[in-house]
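**Q** Just so it is clear, I am handing over structure32.tsv, which has TSV, C-alpha atoms.
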```
chain	number	residue	atom	x	y	z
E	1	MET	CA	222.77	200.84	-89.37
E	2	THR	CA	226.41	200.04	-90.02
E	3	ARG	CA	228.22	201.22	-93.11
E	4	PHE	CA	228.48	197.58	-94.28
E	5	THR	CA	224.70	197.07	-93.94
E	6	THR	CA	224.01	200.28	-95.86
E	7	LEU	CA	226.38	199.23	-98.65
E	8	ALA	CA	224.88	195.72	-98.78
E	9	LEU	CA	221.34	197.14	-99.03
E	10	ALA	CA	222.39	199.56	-101.76
E	11	ALA	CA	224.10	196.77	-103.72
E	12	GLY	CA	221.05	194.53	-103.35
E	13	THR	CA	218.72	197.28	-104.54
E	14	LEU	CA	220.94	197.94	-107.55
E	15	CYS	CA	221.00	194.22	-108.43
E	16	LEU	CA	217.20	194.05	-108.25
E	17	ALA	CA	216.85	197.12	-110.44
E	18	LEU	CA	219.25	195.73	-113.03
E	19	THR	CA	217.55	192.33	-113.02
E	20	ALA	CA	214.10	193.87	-113.39
E	21	GLY	CA	215.32	195.98	-116.27
E	22	SER	CA	216.85	193.05	-118.14
E	23	ALA	CA	213.77	190.89	-117.60
E	24	ASN	CA	211.60	193.57	-119.17
E	25	ALA	CA	213.98	193.86	-122.12
E	26	HIS	CA	212.93	190.49	-123.57
E	27	VAL	CA	209.79	189.16	-125.20
E	28	THR	CA	208.33	187.11	-122.34
E	29	LEU	CA	205.31	184.97	-121.52
E	30	GLU	CA	202.85	186.36	-118.99
E	31	THR	CA	202.18	182.90	-117.50
E	32	ARG	CA	205.40	180.94	-117.07
E	33	GLU	CA	203.97	177.66	-115.71
E	34	ALA	CA	201.11	175.49	-116.95
E	35	PRO	CA	199.97	171.87	-116.64
E	36	ALA	CA	201.36	169.44	-119.24
E	37	GLY	CA	198.74	168.49	-121.83
E	38	SER	CA	196.52	171.47	-121.01
E	39	TYR	CA	195.11	174.28	-123.11
E	40	TYR	CA	197.42	177.25	-122.57
E	41	LYS	CA	196.75	180.90	-123.29
E	42	ALA	CA	200.14	182.24	-124.38
E	43	VAL	CA	200.39	185.99	-123.85
E	44	LEU	CA	203.62	187.28	-125.39
E	45	LYS	CA	204.61	190.56	-123.76
E	46	VAL	CA	206.57	192.90	-126.06
E	47	GLY	CA	208.07	195.77	-124.07
E	48	HIS	CA	210.24	197.56	-126.63
E	49	GLY	CA	211.26	197.84	-130.26
E	50	CYS	CA	214.73	197.48	-131.78
E	51	ASP	CA	217.12	200.18	-130.57
E	52	GLY	CA	214.38	202.82	-130.73
E	53	SER	CA	212.75	201.51	-133.91
E	54	PRO	CA	209.04	200.48	-133.86
E	55	THR	CA	208.05	196.80	-133.96
E	56	THR	CA	206.35	195.86	-137.24
E	57	ALA	CA	206.04	192.07	-136.95
E	58	ILE	CA	205.99	189.29	-134.37
E	59	ARG	CA	206.63	185.78	-135.67
E	60	VAL	CA	206.23	182.67	-133.50
E	61	ARG	CA	207.48	179.14	-134.21
E	62	LEU	CA	205.60	176.57	-132.15
E	63	PRO	CA	207.78	173.93	-130.48
E	64	ASP	CA	207.31	170.23	-131.20
E	65	GLY	CA	204.41	168.83	-129.22
E	66	ALA	CA	202.49	172.13	-129.01
E	67	VAL	CA	199.35	171.55	-131.07
E	68	LEU	CA	195.94	172.96	-132.03
E	69	ALA	CA	197.18	176.56	-131.94
E	70	LYS	CA	194.67	179.37	-132.46
E	71	PRO	CA	196.00	182.93	-132.58
E	72	MET	CA	194.01	185.96	-131.45
E	73	PRO	CA	193.55	188.67	-134.11
E	74	LYS	CA	194.89	192.12	-133.29
E	75	PRO	CA	193.32	195.31	-134.65
E	76	GLY	CA	195.75	197.07	-136.98
E	77	TRP	CA	197.81	193.92	-137.60
E	78	THR	CA	197.54	191.24	-140.29
E	79	LEU	CA	197.39	187.72	-138.88
E	80	ALA	CA	198.74	184.71	-140.79
E	81	THR	CA	199.44	181.10	-139.88
E	82	LYS	CA	201.54	178.40	-141.51
E	83	GLU	CA	200.45	174.80	-141.27
E	84	GLY	CA	202.69	171.78	-141.40
E	85	PRO	CA	203.10	168.25	-140.07
E	86	TYR	CA	203.35	167.62	-136.34
E	87	ALA	CA	206.40	165.74	-135.06
E	88	GLN	CA	204.01	163.09	-133.67
E	89	PRO	CA	200.28	162.47	-134.18
E	90	TYR	CA	198.00	164.03	-131.56
E	91	GLU	CA	194.77	162.40	-130.37
E	92	SER	CA	191.78	164.73	-130.03
E	93	HIS	CA	188.18	163.61	-129.56
E	94	GLY	CA	188.91	160.16	-130.98
E	95	ARG	CA	190.75	161.48	-134.06
E	96	SER	CA	194.42	161.35	-134.90
E	97	ILE	CA	195.65	164.80	-135.95
E	98	THR	CA	198.91	164.82	-137.87
E	99	GLN	CA	199.22	168.45	-138.94
E	100	GLY	CA	198.19	171.93	-137.91
E	101	VAL	CA	199.48	175.43	-137.20
E	102	ILE	CA	203.25	175.47	-136.66
E	103	GLU	CA	203.91	179.22	-137.12
E	104	ILE	CA	201.98	182.40	-136.32
E	105	ALA	CA	202.74	185.89	-137.61
E	106	TRP	CA	201.30	189.28	-136.77
E	107	THR	CA	202.56	191.80	-139.35
E	108	GLY	CA	201.87	195.25	-140.72
E	109	GLY	CA	201.32	197.03	-137.43
E	110	SER	CA	203.53	199.58	-135.77
E	111	LEU	CA	204.32	199.37	-132.06
E	112	PRO	CA	206.47	202.37	-131.04
E	113	ASP	CA	209.57	201.57	-129.00
E	114	ALA	CA	208.18	203.52	-126.03
E	115	TRP	CA	204.95	201.48	-125.95
E	116	TYR	CA	204.10	197.98	-124.69
E	117	ASP	CA	201.72	195.42	-126.19
E	118	GLU	CA	200.71	191.76	-126.05
E	119	PHE	CA	200.26	189.11	-128.73
E	120	VAL	CA	198.04	186.16	-127.79
E	121	PHE	CA	197.42	182.61	-128.95
E	122	GLN	CA	195.95	179.43	-127.48
E	123	VAL	CA	197.73	176.08	-127.78
E	124	VAL	CA	197.61	172.59	-126.29
E	125	LEU	CA	200.86	171.92	-124.46
E	126	PRO	CA	202.68	168.60	-124.87
E	127	LYS	CA	202.29	165.79	-122.34
E	128	GLN	CA	205.85	165.88	-121.04
E	129	PRO	CA	207.17	165.39	-117.50
E	130	ALA	CA	206.58	168.10	-114.90
E	131	GLY	CA	209.54	170.45	-114.75
E	132	THR	CA	210.17	170.34	-118.50
E	133	MET	CA	210.79	173.78	-120.01
E	134	LEU	CA	209.04	174.41	-123.30
E	135	TYR	CA	210.59	177.26	-125.29
E	136	ILE	CA	208.65	179.25	-127.87
E	137	PRO	CA	211.00	180.99	-130.34
E	138	VAL	CA	209.89	184.50	-131.38
E	139	VAL	CA	211.31	186.84	-134.02
E	140	GLN	CA	210.54	190.53	-133.48
E	141	GLU	CA	210.95	192.58	-136.65
E	142	CYS	CA	211.22	196.36	-136.56
E	143	GLU	CA	211.36	199.18	-139.10
E	144	LYS	CA	215.13	199.05	-138.56
E	145	GLY	CA	216.55	195.77	-137.31
E	146	ALA	CA	215.19	192.75	-135.51
E	147	HIS	CA	215.49	190.73	-132.32
E	148	ARG	CA	215.61	186.95	-132.62
E	149	TRP	CA	214.32	185.67	-129.26
E	150	ILE	CA	215.26	182.11	-130.19
E	151	GLU	CA	218.13	181.15	-127.89
E	152	ILE	CA	217.28	178.01	-125.90
E	153	PRO	CA	219.40	177.48	-122.78
E	154	GLU	CA	221.79	174.55	-122.73
E	155	ALA	CA	221.79	172.18	-119.75
E	156	GLY	CA	223.04	173.97	-116.64
E	157	LYS	CA	222.28	177.45	-118.01
E	158	SER	CA	219.30	179.78	-117.73
E	159	ALA	CA	217.67	182.37	-119.98
E	160	ASP	CA	219.66	185.03	-118.08
E	161	ASP	CA	222.84	183.62	-119.64
E	162	TYR	CA	221.71	184.64	-123.14
E	163	ARG	CA	221.32	187.92	-125.00
E	164	GLU	CA	218.09	186.97	-126.82
E	165	PRO	CA	216.50	184.02	-124.99
E	166	ALA	CA	213.32	182.36	-126.23
E	167	PRO	CA	210.35	182.81	-123.91
E	168	GLY	CA	209.58	179.63	-121.98
E	169	VAL	CA	206.85	177.93	-119.99
E	170	ARG	CA	207.62	175.31	-117.32
E	171	LEU	CA	205.28	172.31	-117.49
E	172	THR	CA	203.67	171.25	-114.22
E	173	GLU	CA	201.80	168.06	-113.30
E	174	PRO	CA	198.76	167.48	-115.55
E	175	LYS	CA	195.37	168.38	-114.08
E	176	GLN	CA	193.36	165.41	-112.88
E	177	HIS	CA	189.83	165.21	-114.28
```
What's the structure tokens form of this structure?

**A**
Amino acid sequence: MTRFTTLALAAGTLCLALTAGSANAHVTLETREAPAGSYYKAVLKVGHGCDGSPTTAIRVRLPDGAVLAKPMPKPGWTLATKEGPYAQPYESHGRSITQGVIEIAWTGGSLPDAWYDEFVFQVVLPKQPAGTMLYIPVVQECEKGAHRWIEIPEAGKSADDYREPAPGVRLTEPKQH
């Protein structure tokens, strides 16, 4: 191997390691693609606290068009939802639904900084064109401090361009019945 090849491989390995580390530093979604208009199991992966401080709350704001949300309870955490009007009516089983869960909060637990956990909810994704990114803002509160994973990339930018990007799911073509 030439010296150049060795240096290139070392640089590539370092870049991969740094990228992997930064990707794990955010609250992310386990499944990052789903069919538009489908039921989606959102698994929020929380890999750290706030500068060493334990996580004590995870708060989620559902984006417009995401409807019929149902959060999964978590032992040791208090679960609460906030209902409000939807941006547009949603048709379900012949009924027009105009309001429902718009926020979900798991509070009162304690997730040490050195531990990992998941927070889960089900939601119906909006019927938007394939390729649309749907961002789900999350606020992570800790004993000391907070992370506001709410930054939504502007056109031409990606989540990697932001310090605290909102987790996102890319909509794919709807499933045919």

**Q** Do you know which residues are at most 12 Å from Ala87 (chain E) counting all atoms listed in the file, after dropping those on the same chain fewer than 6 positions away, and could you put them as a PyMOL selection string?

**A** chain E and resi 62-67+97-100+102+126

**Q** Please identify every residue of region 63-141 of chain E that has at least one atom no farther than 8 Å from an atom of region 150-172 of chain E, counting all atoms listed in the file, and for each give the shortest atom pair and the distance in Å to one decimal, arranged by chain then increasing number, as JSON lines.

**A**
```
{"residue": "E:Gln128", "atom": "CA", "partner": "E:Leu171", "partner_atom": "CA", "distance": 7.4}
{"residue": "E:Pro129", "atom": "CA", "partner": "E:Leu171", "partner_atom": "CA", "distance": 7.2}
{"residue": "E:Ala130", "atom": "CA", "partner": "E:Thr172", "partner_atom": "CA", "distance": 4.3}
{"residue": "E:Gly131", "atom": "CA", "partner": "E:Leu171", "partner_atom": "CA", "distance": 5.4}
{"residue": "E:Thr132", "atom": "CA", "partner": "E:Leu171", "partner_atom": "CA", "distance": 5.4}
{"residue": "E:Met133", "atom": "CA", "partner": "E:Arg170", "partner_atom": "CA", "distance": 4.4}
{"residue": "E:Leu134", "atom": "CA", "partner": "E:Val169", "partner_atom": "CA", "distance": 5.3}
{"residue": "E:Tyr135", "atom": "CA", "partner": "E:Gly168", "partner_atom": "CA", "distance": 4.2}
{"residue": "E:Ile136", "atom": "CA", "partner": "E:Pro167", "partner_atom": "CA", "distance": 5.6}
{"residue": "E:Pro137", "atom": "CA", "partner": "E:Ile150", "partner_atom": "CA", "distance": 4.4}
{"residue": "E:Val138", "atom": "CA", "partner": "E:Ile150", "partner_atom": "CA", "distance": 6.0}
{"residue": "E:Val139", "atom": "CA", "partner": "E:Ile150", "partner_atom": "CA", "distance": 7.3}
```

**Q** May I ask for the distance between CA of Gly108 (chain E) and CA of Arg32 (chain E), given in Å to one decimal place?

**A**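 Between these atoms lies a distance of 27.9 Å.
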
**Q** Between E:Asp117, E:Ser92, E:His26, E:Ala69, which has the minimum distance to Tyr40 (chain E) (counting all atoms listed in the file)?

**A**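 Residue with the minimum atom-to-atom distance to Tyr40 (chain E): E:Ala69.
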
**Q** Please check which residues have atoms at most 10 Å from (203.7, 185.7, -128.7) in the file's coordinates, counting all atoms listed in the file, and write them as number ranges by chain.

**A** E: 27-30, 42-46, 58-62, 71, 104-106, 118-121, 136-140, 167

**Q** In Å to one decimal, how far is CA of Gly76 (chain E) from CA of Gly47 (chain E)?

**A**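 Separation of CA of Gly47 (chain E) and CA of Gly76 (chain E): 17.9 Å.
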
**Q** Report the distance between CA of Arg148 (chain E) and CA of Gly49 (chain E) in Å, rounded to one decimal place.

**A** 12.0 Å

**Q** Rank E:Glu141, E:Trp149, E:Thr107, E:Trp115 by their smallest atom-to-atom distance to Pro73 (chain E), using all atoms listed in the file, and report the top residue only.

**A**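 Nearest to Pro73 (chain E): E:Thr107.
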
**Q** Which protein, DNA or RNA residues are at most 10 Å from (213.6, 203.5, -138.4) in the file's coordinates when you count only C-alpha atoms, listed as JSON, numbers by chain?

**A** {"E": [50, 51, 52, 53, 54, 55, 142, 143, 144, 145]}

**Q** Between E:Pro75, E:Leu111, E:Tyr116, E:Gly37, which one has atoms that come closest to Tyr90 (chain E), using only C-alpha atoms?

**A**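 Looking only at the distances to Tyr90 (chain E), the closest residue turns out to be E:Gly37.
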